[in-house]
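For reference, model-v3.cif is printed below; it contains mmCIF, N, CA and C atoms.
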```cif
data_final
#
loop_
_atom_site.label_atom_id
_atom_site.label_comp_id
_atom_site.auth_asym_id
_atom_site.auth_seq_id
_atom_site.Cartn_x
_atom_site.Cartn_y
_atom_site.Cartn_z
N MET K 1 -155.93 -177.80 1.17
CA MET K 1 -155.31 -178.92 0.49
C MET K 1 -154.87 -178.49 -0.91
N LYS K 2 -153.66 -178.87 -1.27
CA LYS K 2 -153.11 -178.51 -2.57
C LYS K 2 -153.78 -179.32 -3.68
N SER K 3 -153.92 -178.68 -4.83
CA SER K 3 -154.39 -179.40 -6.00
C SER K 3 -153.28 -180.33 -6.48
N ILE K 4 -153.65 -181.29 -7.31
CA ILE K 4 -152.65 -182.21 -7.86
C ILE K 4 -151.60 -181.43 -8.65
N LYS K 5 -152.02 -180.41 -9.36
CA LYS K 5 -151.09 -179.59 -10.14
C LYS K 5 -150.09 -178.89 -9.22
N GLU K 6 -150.58 -178.28 -8.15
CA GLU K 6 -149.70 -177.58 -7.20
C GLU K 6 -148.74 -178.56 -6.52
N GLN K 7 -149.26 -179.71 -6.12
CA GLN K 7 -148.45 -180.71 -5.44
C GLN K 7 -147.28 -181.18 -6.30
N PHE K 8 -147.56 -181.49 -7.57
CA PHE K 8 -146.51 -182.03 -8.42
C PHE K 8 -145.59 -180.95 -8.98
N LEU K 9 -146.08 -179.74 -9.15
CA LEU K 9 -145.19 -178.63 -9.52
C LEU K 9 -144.16 -178.43 -8.41
N GLN K 10 -144.61 -178.46 -7.17
CA GLN K 10 -143.70 -178.30 -6.04
C GLN K 10 -142.66 -179.43 -6.01
N LEU K 11 -143.08 -180.67 -6.25
CA LEU K 11 -142.14 -181.79 -6.27
C LEU K 11 -141.12 -181.64 -7.40
N GLU K 12 -141.58 -181.28 -8.58
CA GLU K 12 -140.66 -181.10 -9.72
C GLU K 12 -139.66 -179.99 -9.42
N GLN K 13 -140.13 -178.88 -8.87
CA GLN K 13 -139.23 -177.77 -8.58
C GLN K 13 -138.27 -178.11 -7.44
N GLN K 14 -138.70 -178.91 -6.50
CA GLN K 14 -137.81 -179.34 -5.42
C GLN K 14 -136.64 -180.14 -6.00
N LEU K 15 -136.91 -181.00 -6.98
CA LEU K 15 -135.84 -181.77 -7.60
C LEU K 15 -134.90 -180.89 -8.42
N MET K 16 -135.37 -179.74 -8.88
CA MET K 16 -134.53 -178.82 -9.65
C MET K 16 -133.47 -178.14 -8.79
N LEU K 17 -133.53 -178.34 -7.48
CA LEU K 17 -132.50 -177.80 -6.58
C LEU K 17 -131.32 -178.75 -6.42
N TYR K 18 -131.42 -179.93 -7.01
CA TYR K 18 -130.33 -180.90 -7.08
C TYR K 18 -129.72 -181.23 -5.71
N ARG K 19 -130.58 -181.42 -4.70
CA ARG K 19 -130.11 -181.79 -3.37
C ARG K 19 -130.17 -183.30 -3.21
N LYS K 20 -129.10 -183.88 -2.72
CA LYS K 20 -129.00 -185.33 -2.60
C LYS K 20 -130.14 -185.92 -1.79
N HIS K 21 -130.51 -185.28 -0.66
CA HIS K 21 -131.57 -185.86 0.17
C HIS K 21 -132.92 -185.88 -0.56
N ASP K 22 -133.17 -184.91 -1.44
CA ASP K 22 -134.41 -184.93 -2.24
C ASP K 22 -134.37 -186.07 -3.25
N PHE K 23 -133.20 -186.28 -3.87
CA PHE K 23 -133.08 -187.36 -4.85
C PHE K 23 -133.26 -188.72 -4.17
N ILE K 24 -132.71 -188.86 -2.97
CA ILE K 24 -132.88 -190.10 -2.22
C ILE K 24 -134.36 -190.32 -1.90
N ALA K 25 -135.02 -189.25 -1.47
CA ALA K 25 -136.42 -189.36 -1.03
C ALA K 25 -137.41 -189.54 -2.18
N PHE K 26 -137.17 -188.89 -3.31
CA PHE K 26 -138.20 -188.81 -4.34
C PHE K 26 -137.89 -189.55 -5.64
N LEU K 27 -136.69 -190.09 -5.81
CA LEU K 27 -136.40 -190.91 -6.99
C LEU K 27 -136.63 -192.36 -6.63
N SER K 28 -137.45 -193.02 -7.41
CA SER K 28 -137.72 -194.43 -7.21
C SER K 28 -136.43 -195.23 -7.47
N GLU K 29 -136.35 -196.40 -6.89
CA GLU K 29 -135.15 -197.23 -7.09
C GLU K 29 -134.95 -197.59 -8.55
N ASP K 30 -136.03 -197.68 -9.33
CA ASP K 30 -135.92 -198.02 -10.75
C ASP K 30 -135.96 -196.78 -11.65
N PHE K 31 -135.66 -195.61 -11.09
CA PHE K 31 -135.69 -194.35 -11.85
C PHE K 31 -134.79 -194.42 -13.08
N LYS K 32 -135.30 -193.83 -14.17
CA LYS K 32 -134.55 -193.71 -15.41
C LYS K 32 -134.87 -192.35 -16.03
N GLU K 33 -133.84 -191.68 -16.53
CA GLU K 33 -134.04 -190.40 -17.22
C GLU K 33 -133.42 -190.47 -18.60
N PHE K 34 -134.19 -190.03 -19.58
CA PHE K 34 -133.67 -189.81 -20.92
C PHE K 34 -133.43 -188.30 -21.02
N GLY K 35 -132.18 -187.91 -20.90
CA GLY K 35 -131.84 -186.49 -20.85
C GLY K 35 -131.87 -185.82 -22.21
N SER K 36 -131.98 -184.51 -22.17
CA SER K 36 -132.02 -183.72 -23.41
C SER K 36 -130.70 -183.79 -24.16
N SER K 37 -129.63 -184.19 -23.45
CA SER K 37 -128.32 -184.35 -24.10
C SER K 37 -128.22 -185.66 -24.86
N GLY K 38 -129.23 -186.53 -24.69
CA GLY K 38 -129.20 -187.84 -25.32
C GLY K 38 -128.72 -188.93 -24.38
N GLY K 39 -128.24 -188.53 -23.20
CA GLY K 39 -127.76 -189.51 -22.23
C GLY K 39 -128.90 -190.15 -21.46
N ILE K 40 -128.61 -191.34 -20.92
CA ILE K 40 -129.57 -192.05 -20.07
C ILE K 40 -128.96 -192.13 -18.68
N MET K 41 -129.73 -191.70 -17.68
CA MET K 41 -129.23 -191.67 -16.31
C MET K 41 -130.16 -192.45 -15.40
N ASP K 42 -129.59 -193.04 -14.36
CA ASP K 42 -130.39 -193.72 -13.36
C ASP K 42 -130.15 -193.07 -12.00
N LYS K 43 -130.81 -193.59 -10.98
CA LYS K 43 -130.71 -193.01 -9.64
C LYS K 43 -129.27 -193.05 -9.14
N LYS K 44 -128.60 -194.16 -9.33
CA LYS K 44 -127.21 -194.29 -8.85
C LYS K 44 -126.32 -193.22 -9.46
N PHE K 45 -126.42 -193.03 -10.77
CA PHE K 45 -125.61 -192.01 -11.45
C PHE K 45 -125.91 -190.62 -10.90
N LEU K 46 -127.19 -190.29 -10.75
CA LEU K 46 -127.55 -188.96 -10.28
C LEU K 46 -127.07 -188.73 -8.85
N LEU K 47 -127.20 -189.73 -7.98
CA LEU K 47 -126.73 -189.57 -6.60
C LEU K 47 -125.23 -189.35 -6.53
N GLU K 48 -124.50 -189.90 -7.48
CA GLU K 48 -123.05 -189.68 -7.53
C GLU K 48 -122.69 -188.29 -8.04
N ASN K 49 -123.67 -187.59 -8.64
CA ASN K 49 -123.37 -186.31 -9.28
C ASN K 49 -124.13 -185.13 -8.70
N VAL K 50 -124.74 -185.29 -7.54
CA VAL K 50 -125.36 -184.16 -6.84
C VAL K 50 -124.69 -184.02 -5.49
N THR K 51 -124.87 -182.86 -4.88
CA THR K 51 -124.25 -182.59 -3.58
C THR K 51 -125.32 -182.53 -2.50
N GLU K 52 -124.88 -182.57 -1.27
CA GLU K 52 -125.81 -182.47 -0.15
C GLU K 52 -126.56 -181.14 -0.19
N GLN K 53 -125.85 -180.04 -0.46
CA GLN K 53 -126.48 -178.72 -0.42
C GLN K 53 -127.20 -178.34 -1.70
N GLY K 54 -126.89 -179.01 -2.81
CA GLY K 54 -127.56 -178.68 -4.07
C GLY K 54 -127.22 -177.26 -4.52
N ILE K 55 -128.21 -176.59 -5.09
CA ILE K 55 -128.03 -175.20 -5.50
C ILE K 55 -129.02 -174.33 -4.75
N ASN K 56 -128.77 -173.03 -4.72
CA ASN K 56 -129.60 -172.12 -3.91
C ASN K 56 -130.87 -171.66 -4.59
N GLU K 57 -130.88 -171.64 -5.90
CA GLU K 57 -132.07 -171.20 -6.61
C GLU K 57 -132.24 -172.00 -7.89
N ILE K 58 -133.46 -172.09 -8.33
CA ILE K 58 -133.78 -172.84 -9.54
C ILE K 58 -133.41 -171.98 -10.75
N TYR K 59 -132.70 -172.60 -11.69
CA TYR K 59 -132.27 -171.90 -12.89
C TYR K 59 -133.20 -172.11 -14.07
N TYR K 60 -134.43 -172.52 -13.77
CA TYR K 60 -135.42 -172.77 -14.83
C TYR K 60 -136.72 -172.04 -14.52
N ASP K 61 -137.31 -171.50 -15.56
CA ASP K 61 -138.68 -171.01 -15.49
C ASP K 61 -139.56 -172.14 -16.01
N VAL K 62 -140.61 -172.46 -15.28
CA VAL K 62 -141.51 -173.56 -15.65
C VAL K 62 -142.81 -172.97 -16.18
N THR K 63 -143.21 -173.41 -17.37
CA THR K 63 -144.47 -172.96 -17.96
C THR K 63 -145.26 -174.15 -18.47
N ASP K 64 -146.52 -173.91 -18.76
CA ASP K 64 -147.43 -174.91 -19.34
C ASP K 64 -147.46 -176.20 -18.53
N PHE K 65 -147.42 -176.06 -17.21
CA PHE K 65 -147.35 -177.24 -16.34
C PHE K 65 -148.71 -177.93 -16.26
N GLU K 66 -148.67 -179.25 -16.44
CA GLU K 66 -149.86 -180.09 -16.30
C GLU K 66 -149.51 -181.28 -15.42
N ALA K 67 -150.47 -181.74 -14.64
CA ALA K 67 -150.34 -182.97 -13.87
C ALA K 67 -151.58 -183.81 -14.16
N LEU K 68 -151.39 -184.96 -14.74
CA LEU K 68 -152.50 -185.81 -15.16
C LEU K 68 -152.51 -187.09 -14.33
N LEU K 69 -153.61 -187.34 -13.66
CA LEU K 69 -153.78 -188.56 -12.89
C LEU K 69 -154.13 -189.68 -13.87
N LEU K 70 -153.17 -190.59 -14.13
CA LEU K 70 -153.38 -191.67 -15.09
C LEU K 70 -154.09 -192.85 -14.44
N THR K 71 -153.71 -193.16 -13.20
CA THR K 71 -154.39 -194.15 -12.37
C THR K 71 -154.36 -193.60 -10.94
N ASP K 72 -154.91 -194.31 -10.00
CA ASP K 72 -154.87 -193.84 -8.61
C ASP K 72 -153.44 -193.69 -8.10
N ASP K 73 -152.50 -194.43 -8.69
CA ASP K 73 -151.12 -194.45 -8.20
C ASP K 73 -150.09 -193.95 -9.20
N ILE K 74 -150.51 -193.41 -10.33
CA ILE K 74 -149.58 -192.92 -11.36
C ILE K 74 -150.02 -191.53 -11.82
N VAL K 75 -149.06 -190.59 -11.81
CA VAL K 75 -149.29 -189.24 -12.31
C VAL K 75 -148.23 -188.92 -13.34
N GLN K 76 -148.66 -188.31 -14.43
CA GLN K 76 -147.73 -187.81 -15.44
C GLN K 76 -147.71 -186.29 -15.35
N THR K 77 -146.51 -185.73 -15.33
CA THR K 77 -146.38 -184.28 -15.44
C THR K 77 -145.81 -183.96 -16.82
N ARG K 78 -146.27 -182.82 -17.35
CA ARG K 78 -145.79 -182.32 -18.65
C ARG K 78 -145.57 -180.83 -18.48
N PHE K 79 -144.43 -180.35 -18.96
CA PHE K 79 -144.15 -178.92 -18.81
C PHE K 79 -142.98 -178.50 -19.69
N ILE K 80 -142.79 -177.20 -19.77
CA ILE K 80 -141.67 -176.62 -20.51
C ILE K 80 -140.80 -175.89 -19.52
N THR K 81 -139.48 -176.08 -19.65
CA THR K 81 -138.56 -175.29 -18.85
C THR K 81 -137.77 -174.38 -19.78
N THR K 82 -137.49 -173.19 -19.28
CA THR K 82 -136.59 -172.27 -19.96
C THR K 82 -135.41 -172.06 -19.04
N ASN K 83 -134.21 -172.37 -19.53
CA ASN K 83 -133.00 -172.16 -18.77
C ASN K 83 -132.76 -170.66 -18.66
N LEU K 84 -132.70 -170.16 -17.43
CA LEU K 84 -132.58 -168.72 -17.21
C LEU K 84 -131.19 -168.19 -17.53
N THR K 85 -130.20 -169.06 -17.70
CA THR K 85 -128.85 -168.59 -18.03
C THR K 85 -128.60 -168.52 -19.53
N ASN K 86 -129.26 -169.41 -20.31
CA ASN K 86 -128.99 -169.40 -21.75
C ASN K 86 -130.25 -169.32 -22.63
N GLY K 87 -131.42 -169.32 -22.01
CA GLY K 87 -132.67 -169.18 -22.75
C GLY K 87 -133.16 -170.43 -23.45
N LYS K 88 -132.42 -171.54 -23.37
CA LYS K 88 -132.83 -172.77 -24.07
C LYS K 88 -134.05 -173.37 -23.39
N GLN K 89 -134.97 -173.86 -24.22
CA GLN K 89 -136.20 -174.47 -23.72
C GLN K 89 -136.17 -175.98 -23.90
N GLN K 90 -136.80 -176.66 -22.96
CA GLN K 90 -136.92 -178.11 -22.98
C GLN K 90 -138.38 -178.50 -22.77
N ASN K 91 -138.86 -179.45 -23.54
CA ASN K 91 -140.13 -180.11 -23.25
C ASN K 91 -139.81 -181.21 -22.25
N ARG K 92 -140.58 -181.29 -21.18
CA ARG K 92 -140.29 -182.28 -20.14
C ARG K 92 -141.54 -183.06 -19.77
N SER K 93 -141.30 -184.31 -19.37
CA SER K 93 -142.37 -185.16 -18.90
C SER K 93 -141.82 -186.10 -17.84
N SER K 94 -142.60 -186.31 -16.80
CA SER K 94 -142.21 -187.22 -15.73
C SER K 94 -143.37 -188.15 -15.42
N LEU K 95 -143.02 -189.34 -14.95
CA LEU K 95 -144.01 -190.27 -14.43
C LEU K 95 -143.71 -190.49 -12.95
N TRP K 96 -144.73 -190.29 -12.12
CA TRP K 96 -144.65 -190.43 -10.67
C TRP K 96 -145.52 -191.59 -10.24
N ARG K 97 -145.04 -192.35 -9.25
CA ARG K 97 -145.77 -193.50 -8.74
C ARG K 97 -145.90 -193.36 -7.22
N ASN K 98 -147.08 -193.65 -6.71
CA ASN K 98 -147.29 -193.65 -5.27
C ASN K 98 -146.73 -194.96 -4.72
N GLU K 99 -145.66 -194.85 -3.93
CA GLU K 99 -145.00 -196.02 -3.35
C GLU K 99 -145.18 -195.97 -1.84
N ASN K 100 -146.12 -196.74 -1.35
CA ASN K 100 -146.39 -196.82 0.09
C ASN K 100 -146.67 -195.44 0.69
N GLY K 101 -147.46 -194.64 -0.01
CA GLY K 101 -147.86 -193.34 0.50
C GLY K 101 -146.96 -192.17 0.14
N THR K 102 -145.84 -192.44 -0.55
CA THR K 102 -144.93 -191.37 -0.96
C THR K 102 -144.85 -191.36 -2.48
N TRP K 103 -145.02 -190.17 -3.07
CA TRP K 103 -144.90 -190.05 -4.52
C TRP K 103 -143.43 -190.03 -4.89
N ARG K 104 -143.05 -190.94 -5.80
CA ARG K 104 -141.67 -191.02 -6.26
C ARG K 104 -141.67 -191.04 -7.79
N ILE K 105 -140.71 -190.33 -8.34
CA ILE K 105 -140.57 -190.26 -9.79
C ILE K 105 -139.82 -191.49 -10.28
N PHE K 106 -140.36 -192.14 -11.32
CA PHE K 106 -139.67 -193.32 -11.85
C PHE K 106 -139.24 -193.14 -13.30
N PHE K 107 -139.67 -192.06 -13.94
CA PHE K 107 -139.22 -191.79 -15.30
C PHE K 107 -139.28 -190.30 -15.57
N HIS K 108 -138.26 -189.79 -16.27
CA HIS K 108 -138.25 -188.39 -16.69
C HIS K 108 -137.59 -188.31 -18.06
N GLN K 109 -138.15 -187.44 -18.90
CA GLN K 109 -137.54 -187.20 -20.21
C GLN K 109 -137.56 -185.72 -20.50
N GLY K 110 -136.44 -185.23 -21.01
CA GLY K 110 -136.33 -183.86 -21.46
C GLY K 110 -135.85 -183.85 -22.90
N THR K 111 -136.53 -183.08 -23.74
CA THR K 111 -136.12 -182.96 -25.14
C THR K 111 -136.07 -181.49 -25.50
N PRO K 112 -135.11 -181.09 -26.32
CA PRO K 112 -135.05 -179.68 -26.73
C PRO K 112 -136.35 -179.27 -27.41
N ALA K 113 -136.83 -178.10 -27.05
CA ALA K 113 -138.04 -177.55 -27.67
C ALA K 113 -137.65 -176.81 -28.95
N ALA K 114 -138.52 -176.89 -29.94
CA ALA K 114 -138.30 -176.12 -31.17
C ALA K 114 -138.62 -174.67 -30.86
N ASN K 115 -137.66 -173.81 -31.09
CA ASN K 115 -137.85 -172.37 -30.81
C ASN K 115 -138.19 -171.61 -32.07
#
```
Could I get this file's structure written as structure tokens?
Amino acid sequence: MKSIKEQFLQLEQQLMLYRKHDFIAFLSEDFKEFGSSGGIMDKKFLLENVTEQGINEIYYDVTDFEALLLTDDIVQTRFITTNLTNGKQQNRSSLWRNENGTWRIFFHQGTPAAN
């Protein structure tokens, strides 16, 4: 059985492949993202901007990953990503909710890390 950390790292990395079917399956209907660009995105916007095939490999290195069980049905992830193409780092945090037995992300925020 996977640890909570392993389980949620896998979910976060799966979403980094930008595949439409993953976004449909794992983004809650009330999903909201505060992006590092300053933009605010919801599930509808993201589904309009991803493809069925997504990308072939993750362009981020993930470090300092934590998964914190806040309640029986809420998990917060915290981590740093480094963009492998330009070296920029982001502090990231997500909130996941257990919805009828499936973990779905309902909030994500990325902010530029001080380098």
Result set, the PyMOL selection byres ((chain K and resi 112) around 8) on current file, as an NGL selection string: :K and (35-37 or 88-92 or 109-111 or 113-115)
Between region 10-36 of chain K and region 55-78 of chain K, at 8 Å or less, what are the per-residue closest atom pairs and their distances in Å? Count only C-alpha atoms, order by chain and rising residue number, and return it as JSON lines.
```
{"residue": "K:Gln13", "atom": "CA", "partner": "K:Ile58", "partner_atom": "CA", "distance": 7.4}
{"residue": "K:Met16", "atom": "CA", "partner": "K:Ile58", "partner_atom": "CA", "distance": 6.0}
{"residue": "K:Leu17", "atom": "CA", "partner": "K:Ile55", "partner_atom": "CA", "distance": 5.3}
{"residue": "K:Tyr18", "atom": "CA", "partner": "K:Ile55", "partner_atom": "CA", "distance": 6.3}
{"residue": "K:Arg19", "atom": "CA", "partner": "K:Ile55", "partner_atom": "CA", "distance": 7.2}
```
Selected residue of minimal separation from Asp22 (chain K) among K:Glu99, K:Thr85, K:Ser94, K:Glu52, counting only N, CA and C atoms: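 Closest to Asp22 (chain K), using only N, CA and C atoms: K:Glu52.
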Just the strand (DSSP E) stuff from chain K, please, per backbone DSSP, written as a tab-separated table (two decimals) with N, CA and C atoms, in the coordinates of the input.
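So result36.tsv came out as:
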```tsv
chain	number	residue	atom	x	y	z
K	27	LEU	N	-136.69	-190.09	-5.81
K	27	LEU	CA	-136.40	-190.91	-6.99
K	27	LEU	C	-136.63	-192.36	-6.63
K	28	SER	N	-137.45	-193.02	-7.41
K	28	SER	CA	-137.72	-194.43	-7.21
K	28	SER	C	-136.43	-195.23	-7.47
K	29	GLU	N	-136.35	-196.40	-6.89
K	29	GLU	CA	-135.15	-197.23	-7.09
K	29	GLU	C	-134.95	-197.59	-8.55
K	30	ASP	N	-136.03	-197.68	-9.33
K	30	ASP	CA	-135.92	-198.02	-10.75
K	30	ASP	C	-135.96	-196.78	-11.65
K	31	PHE	N	-135.66	-195.61	-11.09
K	31	PHE	CA	-135.69	-194.35	-11.85
K	31	PHE	C	-134.79	-194.42	-13.08
K	32	LYS	N	-135.30	-193.83	-14.17
K	32	LYS	CA	-134.55	-193.71	-15.41
K	32	LYS	C	-134.87	-192.35	-16.03
K	33	GLU	N	-133.84	-191.68	-16.53
K	33	GLU	CA	-134.04	-190.40	-17.22
K	33	GLU	C	-133.42	-190.47	-18.60
K	34	PHE	N	-134.19	-190.03	-19.58
K	34	PHE	CA	-133.67	-189.81	-20.92
K	34	PHE	C	-133.43	-188.30	-21.02
K	40	ILE	N	-128.61	-191.34	-20.92
K	40	ILE	CA	-129.57	-192.05	-20.07
K	40	ILE	C	-128.96	-192.13	-18.68
K	41	MET	N	-129.73	-191.70	-17.68
K	41	MET	CA	-129.23	-191.67	-16.31
K	41	MET	C	-130.16	-192.45	-15.40
K	42	ASP	N	-129.59	-193.04	-14.36
K	42	ASP	CA	-130.39	-193.72	-13.36
K	42	ASP	C	-130.15	-193.07	-12.00
K	60	TYR	N	-134.43	-172.52	-13.77
K	60	TYR	CA	-135.42	-172.77	-14.83
K	60	TYR	C	-136.72	-172.04	-14.52
K	61	ASP	N	-137.31	-171.50	-15.56
K	61	ASP	CA	-138.68	-171.01	-15.49
K	61	ASP	C	-139.56	-172.14	-16.01
K	62	VAL	N	-140.61	-172.46	-15.28
K	62	VAL	CA	-141.51	-173.56	-15.65
K	62	VAL	C	-142.81	-172.97	-16.18
K	63	THR	N	-143.21	-173.41	-17.37
K	63	THR	CA	-144.47	-172.96	-17.96
K	63	THR	C	-145.26	-174.15	-18.47
K	64	ASP	N	-146.52	-173.91	-18.76
K	64	ASP	CA	-147.43	-174.91	-19.34
K	64	ASP	C	-147.46	-176.20	-18.53
K	65	PHE	N	-147.42	-176.06	-17.21
K	65	PHE	CA	-147.35	-177.24	-16.34
K	65	PHE	C	-148.71	-177.93	-16.26
K	66	GLU	N	-148.67	-179.25	-16.44
K	66	GLU	CA	-149.86	-180.09	-16.30
K	66	GLU	C	-149.51	-181.28	-15.42
K	67	ALA	N	-150.47	-181.74	-14.64
K	67	ALA	CA	-150.34	-182.97	-13.87
K	67	ALA	C	-151.58	-183.81	-14.16
K	68	LEU	N	-151.39	-184.96	-14.74
K	68	LEU	CA	-152.50	-185.81	-15.16
K	68	LEU	C	-152.51	-187.09	-14.33
K	69	LEU	N	-153.61	-187.34	-13.66
K	69	LEU	CA	-153.78	-188.56	-12.89
K	69	LEU	C	-154.13	-189.68	-13.87
K	70	LEU	N	-153.17	-190.59	-14.13
K	70	LEU	CA	-153.38	-191.67	-15.09
K	70	LEU	C	-154.09	-192.85	-14.44
K	71	THR	N	-153.71	-193.16	-13.20
K	71	THR	CA	-154.39	-194.15	-12.37
K	71	THR	C	-154.36	-193.60	-10.94
K	74	ILE	N	-150.51	-193.41	-10.33
K	74	ILE	CA	-149.58	-192.92	-11.36
K	74	ILE	C	-150.02	-191.53	-11.82
K	75	VAL	N	-149.06	-190.59	-11.81
K	75	VAL	CA	-149.29	-189.24	-12.31
K	75	VAL	C	-148.23	-188.92	-13.34
K	76	GLN	N	-148.66	-188.31	-14.43
K	76	GLN	CA	-147.73	-187.81	-15.44
K	76	GLN	C	-147.71	-186.29	-15.35
K	77	THR	N	-146.51	-185.73	-15.33
K	77	THR	CA	-146.38	-184.28	-15.44
K	77	THR	C	-145.81	-183.96	-16.82
K	78	ARG	N	-146.27	-182.82	-17.35
K	78	ARG	CA	-145.79	-182.32	-18.65
K	78	ARG	C	-145.57	-180.83	-18.48
K	79	PHE	N	-144.43	-180.35	-18.96
K	79	PHE	CA	-144.15	-178.92	-18.81
K	79	PHE	C	-142.98	-178.50	-19.69
K	80	ILE	N	-142.79	-177.20	-19.77
K	80	ILE	CA	-141.67	-176.62	-20.51
K	80	ILE	C	-140.80	-175.89	-19.52
K	81	THR	N	-139.48	-176.08	-19.65
K	81	THR	CA	-138.56	-175.29	-18.85
K	81	THR	C	-137.77	-174.38	-19.78
K	82	THR	N	-137.49	-173.19	-19.28
K	82	THR	CA	-136.59	-172.27	-19.96
K	82	THR	C	-135.41	-172.06	-19.04
K	83	ASN	N	-134.21	-172.37	-19.53
K	83	ASN	CA	-133.00	-172.16	-18.77
K	83	ASN	C	-132.76	-170.66	-18.66
K	89	GLN	N	-134.97	-173.86	-24.22
K	89	GLN	CA	-136.20	-174.47	-23.72
K	89	GLN	C	-136.17	-175.98	-23.90
K	90	GLN	N	-136.80	-176.66	-22.96
K	90	GLN	CA	-136.92	-178.11	-22.98
K	90	GLN	C	-138.38	-178.50	-22.77
K	91	ASN	N	-138.86	-179.45	-23.54
K	91	ASN	CA	-140.13	-180.11	-23.25
K	91	ASN	C	-139.81	-181.21	-22.25
K	92	ARG	N	-140.58	-181.29	-21.18
K	92	ARG	CA	-140.29	-182.28	-20.14
K	92	ARG	C	-141.54	-183.06	-19.77
K	93	SER	N	-141.30	-184.31	-19.37
K	93	SER	CA	-142.37	-185.16	-18.90
K	93	SER	C	-141.82	-186.10	-17.84
K	94	SER	N	-142.60	-186.31	-16.80
K	94	SER	CA	-142.21	-187.22	-15.73
K	94	SER	C	-143.37	-188.15	-15.42
K	95	LEU	N	-143.02	-189.34	-14.95
K	95	LEU	CA	-144.01	-190.27	-14.43
K	95	LEU	C	-143.71	-190.49	-12.95
K	96	TRP	N	-144.73	-190.29	-12.12
K	96	TRP	CA	-144.65	-190.43	-10.67
K	96	TRP	C	-145.52	-191.59	-10.24
K	97	ARG	N	-145.04	-192.35	-9.25
K	97	ARG	CA	-145.77	-193.50	-8.74
K	97	ARG	C	-145.90	-193.36	-7.22
K	98	ASN	N	-147.08	-193.65	-6.71
K	98	ASN	CA	-147.29	-193.65	-5.27
K	98	ASN	C	-146.73	-194.96	-4.72
K	99	GLU	N	-145.66	-194.85	-3.93
K	99	GLU	CA	-145.00	-196.02	-3.35
K	99	GLU	C	-145.18	-195.97	-1.84
K	102	THR	N	-145.84	-192.44	-0.55
K	102	THR	CA	-144.93	-191.37	-0.96
K	102	THR	C	-144.85	-191.36	-2.48
K	103	TRP	N	-145.02	-190.17	-3.07
K	103	TRP	CA	-144.90	-190.05	-4.52
K	103	TRP	C	-143.43	-190.03	-4.89
K	104	ARG	N	-143.05	-190.94	-5.80
K	104	ARG	CA	-141.67	-191.02	-6.26
K	104	ARG	C	-141.67	-191.04	-7.79
K	105	ILE	N	-140.71	-190.33	-8.34
K	105	ILE	CA	-140.57	-190.26	-9.79
K	105	ILE	C	-139.82	-191.49	-10.28
K	106	PHE	N	-140.36	-192.14	-11.32
K	106	PHE	CA	-139.67	-193.32	-11.85
K	106	PHE	C	-139.24	-193.14	-13.30
K	107	PHE	N	-139.67	-192.06	-13.94
K	107	PHE	CA	-139.22	-191.79	-15.30
K	107	PHE	C	-139.28	-190.30	-15.57
K	108	HIS	N	-138.26	-189.79	-16.27
K	108	HIS	CA	-138.25	-188.39	-16.69
K	108	HIS	C	-137.59	-188.31	-18.06
K	109	GLN	N	-138.15	-187.44	-18.90
K	109	GLN	CA	-137.54	-187.20	-20.21
K	109	GLN	C	-137.56	-185.72	-20.50
K	110	GLY	N	-136.44	-185.23	-21.01
K	110	GLY	CA	-136.33	-183.86	-21.46
K	110	GLY	C	-135.85	-183.85	-22.90
K	111	THR	N	-136.53	-183.08	-23.74
K	111	THR	CA	-136.12	-182.96	-25.14
K	111	THR	C	-136.07	-181.49	-25.50
K	112	PRO	N	-135.11	-181.09	-26.32
K	112	PRO	CA	-135.05	-179.68	-26.73
K	112	PRO	C	-136.35	-179.27	-27.41
```
Pairwise distance for atom N of Ser28 (chain K) and atom C of Gln53 (chain K), rounded to one decimal in Å: 18.8 Å
Straight-line distance linking atom C of Asn98 (chain K) with atom N of Leu27 (chain K), stated in Å to one decimal: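 Atom N of Leu27 (chain K) lies 11.2 Å from atom C of Asn98 (chain K).
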Since the input is missing atoms, can you rebuild N, CA, C and O atoms for region 75-81 of chain K and write them as a PDB file, in the coordinates of the input?
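Saved as part-v2.pdb:
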```
ATOM      1  N   VAL K  75    -149.060-190.590 -11.810  1.00  0.00           N
ATOM      2  CA  VAL K  75    -149.290-189.240 -12.310  1.00  0.00           C
ATOM      3  C   VAL K  75    -148.230-188.920 -13.340  1.00  0.00           C
ATOM      4  O   VAL K  75    -147.044-189.223 -13.154  1.00  0.00           O
ATOM      5  N   GLN K  76    -148.660-188.310 -14.430  1.00  0.00           N
ATOM      6  CA  GLN K  76    -147.730-187.810 -15.440  1.00  0.00           C
ATOM      7  C   GLN K  76    -147.710-186.290 -15.350  1.00  0.00           C
ATOM      8  O   GLN K  76    -148.769-185.657 -15.310  1.00  0.00           O
ATOM      9  N   THR K  77    -146.510-185.730 -15.330  1.00  0.00           N
ATOM     10  CA  THR K  77    -146.380-184.280 -15.440  1.00  0.00           C
ATOM     11  C   THR K  77    -145.810-183.960 -16.820  1.00  0.00           C
ATOM     12  O   THR K  77    -145.031-184.725 -17.376  1.00  0.00           O
ATOM     13  N   ARG K  78    -146.270-182.820 -17.350  1.00  0.00           N
ATOM     14  CA  ARG K  78    -145.790-182.320 -18.650  1.00  0.00           C
ATOM     15  C   ARG K  78    -145.570-180.830 -18.480  1.00  0.00           C
ATOM     16  O   ARG K  78    -146.439-180.124 -17.970  1.00  0.00           O
ATOM     17  N   PHE K  79    -144.430-180.350 -18.960  1.00  0.00           N
ATOM     18  CA  PHE K  79    -144.150-178.920 -18.810  1.00  0.00           C
ATOM     19  C   PHE K  79    -142.980-178.500 -19.690  1.00  0.00           C
ATOM     20  O   PHE K  79    -142.311-179.344 -20.288  1.00  0.00           O
ATOM     21  N   ILE K  80    -142.790-177.200 -19.770  1.00  0.00           N
ATOM     22  CA  ILE K  80    -141.670-176.620 -20.510  1.00  0.00           C
ATOM     23  C   ILE K  80    -140.800-175.890 -19.520  1.00  0.00           C
ATOM     24  O   ILE K  80    -141.298-175.178 -18.634  1.00  0.00           O
ATOM     25  N   THR K  81    -139.480-176.080 -19.650  1.00  0.00           N
ATOM     26  CA  THR K  81    -138.560-175.290 -18.850  1.00  0.00           C
ATOM     27  C   THR K  81    -137.770-174.380 -19.780  1.00  0.00           C
ATOM     28  O   THR K  81    -137.434-174.762 -20.905  1.00  0.00           O
TER      29      THR K  81
END
```
